[in-house]
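Have a look at coords_9.cif; it's mmCIF, C-alpha atoms:
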data_work
loop_
_atom_site.label_atom_id
_atom_site.label_comp_id
_atom_site.auth_asym_id
_atom_site.auth_seq_id
_atom_site.Cartn_x
_atom_site.Cartn_y
_atom_site.Cartn_z
CA CYS A 1 6.10 -0.58 -22.99
CA ASP A 2 6.12 -4.37 -22.91
CA SER A 3 9.31 -4.75 -20.89
CA LEU A 4 11.53 -2.67 -18.62
CA GLU A 5 14.87 -3.17 -16.91
CA VAL A 6 13.66 -2.89 -13.33
CA GLY A 7 16.36 -2.45 -10.70
CA ILE A 8 16.10 -4.16 -7.32
CA VAL A 9 17.52 -2.21 -4.36
CA LEU A 10 17.91 -3.58 -0.84
CA THR A 11 16.79 -0.76 1.45
CA SER A 12 16.78 -0.29 5.21
CA PRO A 13 13.34 1.04 6.27
CA ILE A 14 14.99 2.66 9.32
CA ASN A 15 17.88 4.73 7.97
CA GLY A 16 17.34 4.46 4.21
CA ASP A 17 20.68 2.75 3.41
CA GLU A 18 20.58 1.19 -0.06
CA LEU A 19 22.38 -1.66 -1.83
CA PRO A 20 21.64 -2.28 -5.55
CA VAL A 21 21.55 -6.03 -6.19
CA GLY A 22 20.78 -6.11 -9.93
CA PHE A 23 17.90 -5.82 -12.37
CA VAL A 24 15.35 -7.99 -14.15
CA ASP A 25 13.41 -7.55 -17.40
CA ILE A 26 9.67 -7.45 -16.73
CA SER A 27 6.53 -5.75 -17.99
CA PRO A 28 5.48 -2.83 -15.75
CA ARG A 29 1.94 -4.25 -15.80
CA GLU A 30 3.04 -7.50 -14.15
CA SER A 31 2.29 -8.02 -10.46
CA LEU A 32 4.82 -7.81 -7.64
CA GLU A 33 4.22 -11.52 -7.18
CA GLN A 34 5.65 -12.14 -10.68
CA LEU A 35 8.53 -9.74 -9.99
CA ARG A 36 9.41 -11.75 -6.85
CA LYS A 37 9.49 -14.99 -8.88
CA ARG A 38 11.69 -13.47 -11.59
CA ALA A 39 14.07 -11.92 -9.06
CA ALA A 40 14.48 -15.30 -7.36
CA VAL A 41 15.68 -16.77 -10.69
CA PHE A 42 17.91 -13.99 -12.02
CA LEU A 43 19.30 -12.36 -8.86
CA PRO A 44 21.45 -14.83 -6.88
CA LEU A 45 22.09 -12.19 -4.19
CA LEU A 46 18.43 -12.55 -3.18
CA ALA A 47 18.50 -16.36 -3.13
CA GLY A 48 17.31 -17.58 0.25
CA CYS A 49 16.60 -14.03 1.44
CA GLU A 50 13.12 -13.35 2.77
CA PHE A 51 12.13 -9.80 1.89
CA LEU A 52 9.18 -7.46 1.49
CA PHE A 53 8.68 -4.89 -1.23
CA LEU A 54 8.44 -1.24 -0.21
CA ASN A 55 6.03 1.12 -1.94
CA ARG A 56 6.95 4.66 -3.00
CA ARG A 57 6.36 5.96 0.53
CA GLY A 58 8.73 3.41 2.03
CA TRP A 59 5.92 1.32 3.52
CA PRO A 60 6.31 -2.49 3.49
CA VAL A 61 3.90 -4.40 1.22
CA SER A 62 2.35 -7.54 2.68
CA GLU A 63 2.90 -10.67 0.59
CA LEU A 64 -0.87 -11.10 0.50
CA TYR A 65 -1.04 -7.77 -1.38
CA GLU A 66 1.67 -8.55 -3.96
CA ALA A 67 -0.77 -10.12 -6.43
CA ARG A 68 -2.82 -6.89 -6.44
CA LEU A 69 -0.04 -4.34 -6.96
CA ARG A 70 1.58 -3.82 -10.37
CA VAL A 71 5.26 -3.12 -10.89
CA HIS A 72 4.62 0.38 -12.24
CA GLU A 73 2.80 1.30 -9.01
CA VAL A 74 5.98 0.95 -6.91
CA LEU A 75 8.66 2.10 -9.39
CA ASP A 76 10.67 5.13 -8.31
CA HIS A 77 12.25 7.78 -10.54
CA ARG A 78 15.23 5.46 -11.19
CA ARG A 79 12.96 2.68 -12.49
CA SER A 80 13.90 0.58 -9.50
CA VAL A 81 11.95 -1.20 -6.77
CA SER A 82 13.03 -1.17 -3.13
CA VAL A 83 12.95 -4.31 -1.00
CA ALA A 84 13.76 -4.76 2.70
CA PRO A 85 15.07 -7.99 4.30
CA LEU A 86 12.36 -9.37 6.56
CA SER A 87 14.82 -10.50 9.24
CA ARG A 88 16.30 -6.99 9.45
CA MET A 89 12.84 -5.43 9.71
CA GLN A 90 11.84 -7.80 12.51
CA ALA A 91 15.06 -7.05 14.37
CA ASP A 92 14.55 -3.29 13.96
CA VAL A 93 10.97 -3.55 15.19
CA ARG A 94 12.03 -5.45 18.31
CA LEU A 95 14.94 -3.08 18.90
CA LEU A 96 12.66 -0.05 18.68
CA ALA A 97 10.05 -1.68 20.87
CA GLY A 98 12.65 -2.77 23.44
CA ALA A 99 14.22 0.68 23.59
CA SER A 100 10.80 2.25 24.06
CA ALA A 101 9.84 -0.19 26.82
CA ALA A 102 13.14 0.55 28.58
CA ALA A 103 12.47 4.29 28.29
CA HIS A 104 9.10 3.84 30.00
CA ALA A 105 10.64 1.80 32.84
CA ILE A 106 13.65 4.04 33.68
CA PRO A 107 12.90 6.88 36.16
CA ALA A 108 13.68 10.44 35.15
CA CYS A 109 16.59 10.81 37.62
CA PRO A 110 19.41 8.23 37.12
CA ALA A 111 21.00 9.00 40.45
CA THR A 112 17.76 8.25 42.31
CA ALA A 113 17.36 4.99 40.43
CA ALA A 114 20.95 3.99 41.16
CA ALA A 115 20.47 4.64 44.88
CA ALA A 116 17.23 2.67 44.95
CA SER A 117 18.71 -0.29 43.07
CA PRO A 118 22.51 -0.71 43.22
CA SER A 119 22.34 -3.30 40.46
CA LEU A 120 21.26 -0.55 38.03
CA ALA A 121 24.13 1.79 38.93
CA PRO A 122 26.63 0.56 36.30
CA ALA A 123 24.03 0.84 33.54
CA LEU A 124 22.60 4.23 34.56
CA LEU A 125 25.81 5.91 35.79
CA PRO A 126 28.59 4.55 33.56
CA SER A 127 32.19 5.31 34.45
CA ALA A 128 35.43 5.12 32.51
CA ARG A 129 36.33 1.87 34.28
CA GLN A 130 33.04 0.09 33.60
CA PRO A 131 31.30 1.03 30.33
CA PRO A 132 27.65 0.14 29.78
CA GLN A 133 27.08 -3.51 28.88
CA THR A 134 24.43 -2.79 26.22
CA PRO A 135 24.80 0.73 24.82
CA LEU A 136 21.90 2.03 22.81
CA PRO A 137 22.58 2.55 19.11
CA PRO A 138 22.94 6.12 17.81
CA ALA A 139 19.66 7.76 16.97
CA ALA A 140 18.70 7.41 13.32
CA PRO A 141 17.66 10.58 11.44
CA TYR A 142 13.94 11.12 11.17
CA ARG A 143 12.53 10.11 7.78
CA PRO A 144 8.84 10.89 7.18
CA HIS A 145 8.51 8.02 4.67
CA SER A 146 9.52 5.37 7.24
CA SER A 147 6.51 3.89 8.98
CA LEU A 148 8.75 2.22 11.54
CA ALA A 149 10.42 5.53 12.38
CA VAL A 150 6.99 7.10 12.87
CA ALA A 151 6.00 4.19 15.11
CA SER A 152 9.12 4.57 17.25
CA SER A 153 8.51 8.31 17.56
CA ASN A 154 4.97 7.69 18.76
CA LEU A 155 6.20 5.14 21.28
CA ALA A 156 8.96 7.35 22.63
CA GLY A 157 6.57 10.27 23.03
CA THR A 158 4.06 8.39 25.15
CA ALA A 159 4.66 8.35 28.90
CA ALA A 160 2.11 5.63 29.68
CA GLY A 161 0.81 2.52 28.02
CA GLY A 162 4.21 1.15 26.98
CA LYS A 163 3.06 -2.44 27.06
CA ARG A 164 0.03 -1.71 24.89
CA HIS A 165 2.19 0.04 22.28
CA LEU A 166 4.73 -2.77 22.38
CA GLU A 167 2.04 -5.35 21.66
CA GLN A 168 0.66 -3.19 18.88
CA LEU A 169 4.07 -2.83 17.23
CA LEU A 170 4.78 -6.56 17.38
CA GLY A 171 1.30 -7.14 15.97
CA ASP A 172 2.23 -4.91 13.04
CA ALA A 173 5.23 -7.18 12.39
CA ASP A 174 2.82 -10.11 12.07
CA LEU A 175 0.77 -8.08 9.61
CA LEU A 176 3.89 -7.41 7.48
CA GLN A 177 4.49 -11.15 7.19
CA GLY A 178 0.97 -11.60 5.78
CA ARG A 179 -0.55 -13.51 8.70
CA HIS A 180 -3.61 -11.32 8.55
CA SER A 181 -4.84 -8.37 6.51
CA GLY A 182 -7.52 -5.75 6.98
CA ARG A 183 -7.97 -5.10 3.28
CA SER A 184 -10.75 -6.50 1.17
CA ALA A 185 -9.93 -9.19 -1.36
CA ALA A 186 -9.12 -7.96 -4.87
CA LYS A 187 -12.06 -7.84 -7.28
CA ASP A 188 -12.13 -8.44 -11.03
CA MET A 189 -14.25 -5.34 -11.66
CA LEU A 190 -15.24 -2.10 -9.95
CA ILE A 191 -18.43 -0.18 -10.71
CA SER A 192 -18.14 3.60 -10.34
CA TYR A 193 -21.33 5.67 -10.40
CA VAL A 194 -23.22 8.70 -9.12
CA ARG A 195 -25.50 7.36 -6.42
CA ALA A 196 -28.32 9.83 -7.08
CA GLU A 197 -28.48 8.86 -10.76
CA ALA A 198 -27.46 5.21 -11.13
CA ALA A 199 -27.63 3.39 -7.78
CA HIS A 200 -30.27 0.91 -8.96
CA VAL A 201 -28.46 0.25 -12.24
CA ALA A 202 -25.21 -0.39 -10.37
CA VAL A 203 -26.87 -2.99 -8.13
CA VAL A 204 -28.52 -4.76 -11.06
CA LEU A 205 -25.31 -4.72 -13.10
CA LYS A 206 -23.35 -6.23 -10.21
CA GLU A 207 -25.94 -9.02 -9.89
CA LYS A 208 -25.69 -9.81 -13.61
CA LEU A 209 -21.87 -9.80 -13.64
CA THR A 210 -21.68 -11.90 -10.48
CA ALA A 211 -24.00 -14.45 -12.08
CA LEU A 212 -21.49 -14.68 -14.95
CA GLY A 213 -18.73 -15.57 -12.47
CA CYS A 214 -17.10 -12.14 -12.04
CA SER A 215 -16.16 -10.66 -8.67
CA VAL A 216 -17.40 -7.07 -8.51
CA PHE A 217 -16.61 -4.22 -6.10
CA LEU A 218 -19.59 -1.99 -5.28
CA ASP A 219 -19.00 0.59 -2.57
CA VAL A 220 -22.25 0.04 -0.64
CA ASP A 221 -21.45 -3.67 -0.29
CA GLU A 222 -17.69 -3.61 0.27
CA ILE A 223 -16.76 -0.62 2.47
CA ALA A 224 -17.05 -1.58 6.13
CA LEU A 225 -18.52 0.68 8.80
CA GLY A 226 -15.90 2.99 10.25
CA SER A 227 -13.56 2.70 7.25
CA ASP A 228 -12.06 5.75 5.62
CA TRP A 229 -14.15 6.16 2.45
CA GLN A 230 -11.43 7.69 0.29
CA ASP A 231 -8.73 5.19 1.33
CA ALA A 232 -11.09 2.27 0.70
CA LEU A 233 -11.93 3.51 -2.80
CA ASN A 234 -8.27 4.19 -3.61
CA ASP A 235 -7.35 0.65 -2.58
CA ALA A 236 -10.26 -0.80 -4.56
CA VAL A 237 -9.34 1.06 -7.76
CA ALA A 238 -5.67 0.05 -7.40
CA ALA A 239 -6.59 -3.62 -6.90
CA THR A 240 -9.23 -4.10 -9.60
CA GLU A 241 -8.57 -5.25 -13.17
CA VAL A 242 -11.49 -3.58 -14.99
CA PHE A 243 -12.91 -0.17 -14.06
CA ILE A 244 -16.57 0.30 -15.12
CA PRO A 245 -17.87 3.88 -14.90
CA LEU A 246 -21.61 4.43 -15.33
CA VAL A 247 -21.42 7.71 -17.24
CA THR A 248 -24.65 9.52 -16.35
CA PRO A 249 -25.06 13.30 -16.85
CA ARG A 250 -23.34 14.19 -13.54
CA TYR A 251 -20.65 11.52 -13.69
CA GLY A 252 -17.21 13.14 -13.47
CA ALA A 253 -18.73 16.38 -12.22
CA THR A 254 -18.89 15.05 -8.65
CA GLN A 255 -15.74 15.00 -6.53
CA TRP A 256 -15.63 11.26 -5.91
CA THR A 257 -16.32 10.02 -9.43
CA ASN A 258 -13.85 12.50 -10.91
CA ARG A 259 -11.11 11.23 -8.59
CA GLU A 260 -11.92 7.57 -9.19
CA VAL A 261 -11.80 7.69 -12.98
CA LYS A 262 -8.61 9.79 -13.04
CA LEU A 263 -6.91 7.39 -10.62
CA ALA A 264 -7.93 4.43 -12.79
CA ASP A 265 -6.53 6.23 -15.84
CA VAL A 266 -3.21 7.03 -14.13
CA LEU A 267 -2.84 3.43 -12.92
CA GLY A 268 -3.43 2.09 -16.41
CA LYS A 269 -6.57 0.11 -15.57
CA GLU A 270 -8.79 -1.30 -18.30
CA ILE A 271 -11.66 1.20 -18.45
CA LEU A 272 -15.03 0.08 -19.87
CA PRO A 273 -17.45 3.05 -19.78
CA ILE A 274 -21.21 2.54 -20.00
CA SER A 275 -22.83 5.64 -21.44
CA PHE A 276 -26.21 7.06 -20.40
CA ILE A 277 -25.64 10.34 -22.24
CA SER A 278 -26.29 11.43 -25.83
CA ASP A 279 -23.00 13.28 -26.51
CA TRP A 280 -19.64 11.56 -26.12
CA PRO A 281 -17.21 12.16 -24.48
CA PRO A 282 -18.57 13.81 -21.32
CA ARG A 283 -17.32 17.37 -21.07
CA CYS A 284 -15.56 17.09 -17.69
CA LEU A 285 -13.75 13.85 -18.67
CA ALA A 286 -12.91 14.59 -22.29
CA ILE A 287 -9.20 13.85 -21.83
CA GLN A 288 -9.81 10.44 -20.27
CA PHE A 289 -12.65 9.29 -22.57
CA ALA A 290 -12.00 11.04 -25.90
CA THR A 291 -10.67 7.88 -27.58
CA THR A 292 -12.29 5.24 -25.36
CA GLN A 293 -14.88 2.91 -26.86
CA PHE A 294 -17.99 2.88 -24.67
CA VAL A 295 -21.02 0.64 -24.25
CA PRO A 296 -24.38 2.42 -24.79
CA TRP A 297 -26.92 1.60 -22.09
CA SER A 298 -30.09 0.41 -23.76
CA GLY A 299 -32.12 0.03 -20.61
CA ALA A 300 -32.42 -3.73 -21.04
#

Now that the file is in, can you turn its structure into structure tokens?
Amino acid sequence: CDSLEVGIVLTSPINGDELPVGFVDISPRESLEQLRKRAAVFLPLLAGCEFLFLNRRGWPVSELYEARLRVHEVLDHRRSVSVAPLSRMQADVRLLAGASAAAHAIPACPATAAAASPSLAPALLPSARQPPQTPLPPAAPYRPHSSLAVASSNLAGTAAGGKRHLEQLLGDADLLQGRHSGRSAAKDMLISYVRAEAAHVAVVLKEKLTALGCSVFLDVDEIALGSDWQDALNDAVAATEVFIPLVTPRYGATQWTNREVKLADVLGKEILPISFISDWPPRCLAIQFATTQFVPWSGA
């Protein structure tokens, strides 16, 4: 549809508490960047509040990534989008990191620590007359979708290297604010192909499209050494505007091409197939391509 009433829900990434703040009318194909602008105008409760969107898994979305994600990619079953206040997230990160660092520093036996350092006795051995000065907050329930909860669990379960984990966690907070990103820049187009059948054609096609001013994702050029191949392709398909499959005889019959084209279809990408086969649609992708206009490859 052209427009949806999309709810905005303030959500705690730690314990999952939610506060609905209103809704805006927006096309599900618009970017999160546009949703942020519209929310700033129509939702006064968010005025002056720095926040990050959360995806369906509860993971924060960097502001650098908002132009690449569409509204429909983060909608939940209620047709709402979750956001988390940035100040609260930073405070939670530092609280978790501080609690973990304290856990690494405190010896296993409180009585021994109190005897070795009298100044620690009130904190380690509290009495009714002198309660602890800084009690730890109650433990939050474990939620698999919370990346911060997973991070705190990893920190608490490690007996050594507390400082290294602390630095890593604070570095992740910088990443959430968009100061740096490990993802490739979004591309206008993505070429999907079977390497054994159309590798040369894919390279030539990218050169021609690039010469016309288009930015083109081609796996052999874009996926860095050591990267997870499937994650990189998923991100690339989600970020591109136009998905170009080179439909050779084995296209769609291989595991990777079948996944790529189905993901592009589910995400509502513009699909522009180039056909190298005589019968259309290809048998293994009949549902996706039955009514899709294709471009016949002439060899020129």

The PyMOL selection byres ((chain A and resi 264) around 12) resolved against shown file, as an NGL selection string: :A and (73 or 189-192 or 233-245 or 257-263 or 265-273 or 288-289)

Nearest to A:Ala232, chosen from A:Asp2, A:Ala186, A:Tyr193, A:Lys208, with all atoms listed in the file counted in the distances: A:Ala186

Long-range neighbours of A:Ile274 as a VMD selection string, 9 Å cut-off, all atoms listed in the file, 4 positions minimum in chain: chain A and resid 244 to 248 294 to 297

Nearby residues, (12.8, -11.9, -12.0) file frame, 12 Å, only C-alpha atoms, as an MDAnalysis selection string: chainID A and resid 3:8 22:27 30:44 46:47 71 81

Counting only C-alpha atoms, the option among A:Leu285, A:Val220, A:Asp76, A:Ala84 closest to A:Ser62: A:Ala84

Interatomic distance (Å, one decimal) between atom CA of A:Ser298 and atom CA of A:Thr254: 23.8 Å

Interatomic distance, atom CA of A:Ile277 to atom CA of A:Glu197 (Å, one decimal):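 Spanning atom CA of A:Ile277 to atom CA of A:Glu197 is a straight-line distance of 11.9 Å.
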
Length of the atom CA of A:Gly58 to atom CA of A:Ser82 vector [Å]: 8.1 Å

Would you fill out stretch 206-225 of chain A with N, CA, C and O atoms and return it as an mmCIF file, in the coordinates of the input?
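File produced: out.cif:
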data_model
loop_
_atom_site.group_PDB
_atom_site.id
_atom_site.type_symbol
_atom_site.label_atom_id
_atom_site.label_comp_id
_atom_site.auth_asym_id
_atom_site.auth_seq_id
_atom_site.Cartn_x
_atom_site.Cartn_y
_atom_site.Cartn_z
ATOM 1 N N LYS A 206 -24.185 -5.345 -11.029
ATOM 2 C CA LYS A 206 -23.350 -6.230 -10.210
ATOM 3 C C LYS A 206 -23.954 -7.631 -10.134
ATOM 4 O O LYS A 206 -23.236 -8.634 -10.229
ATOM 5 N N GLU A 207 -25.272 -7.709 -9.965
ATOM 6 C CA GLU A 207 -25.940 -9.020 -9.890
ATOM 7 C C GLU A 207 -25.723 -9.812 -11.178
ATOM 8 O O GLU A 207 -25.433 -11.023 -11.145
ATOM 9 N N LYS A 208 -25.845 -9.132 -12.321
ATOM 10 C CA LYS A 208 -25.690 -9.810 -13.610
ATOM 11 C C LYS A 208 -24.246 -10.290 -13.805
ATOM 12 O O LYS A 208 -24.008 -11.413 -14.251
ATOM 13 N N LEU A 209 -23.275 -9.431 -13.464
ATOM 14 C CA LEU A 209 -21.870 -9.800 -13.640
ATOM 15 C C LEU A 209 -21.465 -10.909 -12.681
ATOM 16 O O LEU A 209 -20.700 -11.798 -13.032
ATOM 17 N N THR A 210 -21.985 -10.848 -11.458
ATOM 18 C CA THR A 210 -21.680 -11.900 -10.480
ATOM 19 C C THR A 210 -22.229 -13.238 -10.943
ATOM 20 O O THR A 210 -21.592 -14.284 -10.775
ATOM 21 N N ALA A 211 -23.419 -13.207 -11.558
ATOM 22 C CA ALA A 211 -24.000 -14.450 -12.080
ATOM 23 C C ALA A 211 -23.158 -15.046 -13.193
ATOM 24 O O ALA A 211 -23.187 -16.262 -13.419
ATOM 25 N N LEU A 212 -22.380 -14.207 -13.883
ATOM 26 C CA LEU A 212 -21.490 -14.680 -14.950
ATOM 27 C C LEU A 212 -20.148 -15.156 -14.409
ATOM 28 O O LEU A 212 -19.269 -15.546 -15.180
ATOM 29 N N GLY A 213 -19.966 -15.078 -13.080
ATOM 30 C CA GLY A 213 -18.730 -15.570 -12.470
ATOM 31 C C GLY A 213 -17.696 -14.514 -12.180
ATOM 32 O O GLY A 213 -16.555 -14.845 -11.823
ATOM 33 N N CYS A 214 -18.042 -13.225 -12.315
ATOM 34 C CA CYS A 214 -17.100 -12.140 -12.040
ATOM 35 C C CYS A 214 -17.225 -11.698 -10.578
ATOM 36 O O CYS A 214 -18.310 -11.711 -10.005
ATOM 37 N N SER A 215 -16.110 -11.301 -9.989
ATOM 38 C CA SER A 215 -16.160 -10.660 -8.670
ATOM 39 C C SER A 215 -16.194 -9.153 -8.890
ATOM 40 O O SER A 215 -15.399 -8.611 -9.664
ATOM 41 N N VAL A 216 -17.117 -8.483 -8.228
ATOM 42 C CA VAL A 216 -17.400 -7.070 -8.510
ATOM 43 C C VAL A 216 -17.357 -6.266 -7.217
ATOM 44 O O VAL A 216 -17.983 -6.646 -6.216
ATOM 45 N N PHE A 217 -16.634 -5.146 -7.234
ATOM 46 C CA PHE A 217 -16.610 -4.220 -6.100
ATOM 47 C C PHE A 217 -17.691 -3.163 -6.308
ATOM 48 O O PHE A 217 -17.728 -2.484 -7.325
ATOM 49 N N LEU A 218 -18.568 -3.040 -5.307
ATOM 50 C CA LEU A 218 -19.590 -1.990 -5.280
ATOM 51 C C LEU A 218 -19.524 -1.371 -3.888
ATOM 52 O O LEU A 218 -19.635 -2.075 -2.886
ATOM 53 N N ASP A 219 -19.327 -0.064 -3.830
ATOM 54 C CA ASP A 219 -19.000 0.590 -2.570
ATOM 55 C C ASP A 219 -19.974 0.257 -1.433
ATOM 56 O O ASP A 219 -19.559 -0.017 -0.304
ATOM 57 N N VAL A 220 -21.271 0.248 -1.716
ATOM 58 C CA VAL A 220 -22.250 0.040 -0.640
ATOM 59 C C VAL A 220 -22.151 -1.355 -0.043
ATOM 60 O O VAL A 220 -22.581 -1.588 1.084
ATOM 61 N N ASP A 221 -21.574 -2.297 -0.786
ATOM 62 C CA ASP A 221 -21.450 -3.670 -0.290
ATOM 63 C C ASP A 221 -20.096 -3.959 0.327
ATOM 64 O O ASP A 221 -19.974 -4.865 1.168
ATOM 65 N N GLU A 222 -19.053 -3.230 -0.080
ATOM 66 C CA GLU A 222 -17.690 -3.610 0.270
ATOM 67 C C GLU A 222 -17.055 -2.765 1.366
ATOM 68 O O GLU A 222 -16.183 -3.250 2.079
ATOM 69 N N ILE A 223 -17.432 -1.491 1.501
ATOM 70 C CA ILE A 223 -16.760 -0.620 2.470
ATOM 71 C C ILE A 223 -17.373 -0.814 3.839
ATOM 72 O O ILE A 223 -18.568 -0.568 4.041
ATOM 73 N N ALA A 224 -16.558 -1.259 4.787
ATOM 74 C CA ALA A 224 -17.050 -1.580 6.130
ATOM 75 C C ALA A 224 -17.341 -0.307 6.920
ATOM 76 O O ALA A 224 -16.783 0.767 6.650
ATOM 77 N N LEU A 225 -18.210 -0.445 7.910
ATOM 78 C CA LEU A 225 -18.520 0.680 8.800
ATOM 79 C C LEU A 225 -17.253 1.137 9.507
ATOM 80 O O LEU A 225 -16.462 0.328 9.983
#
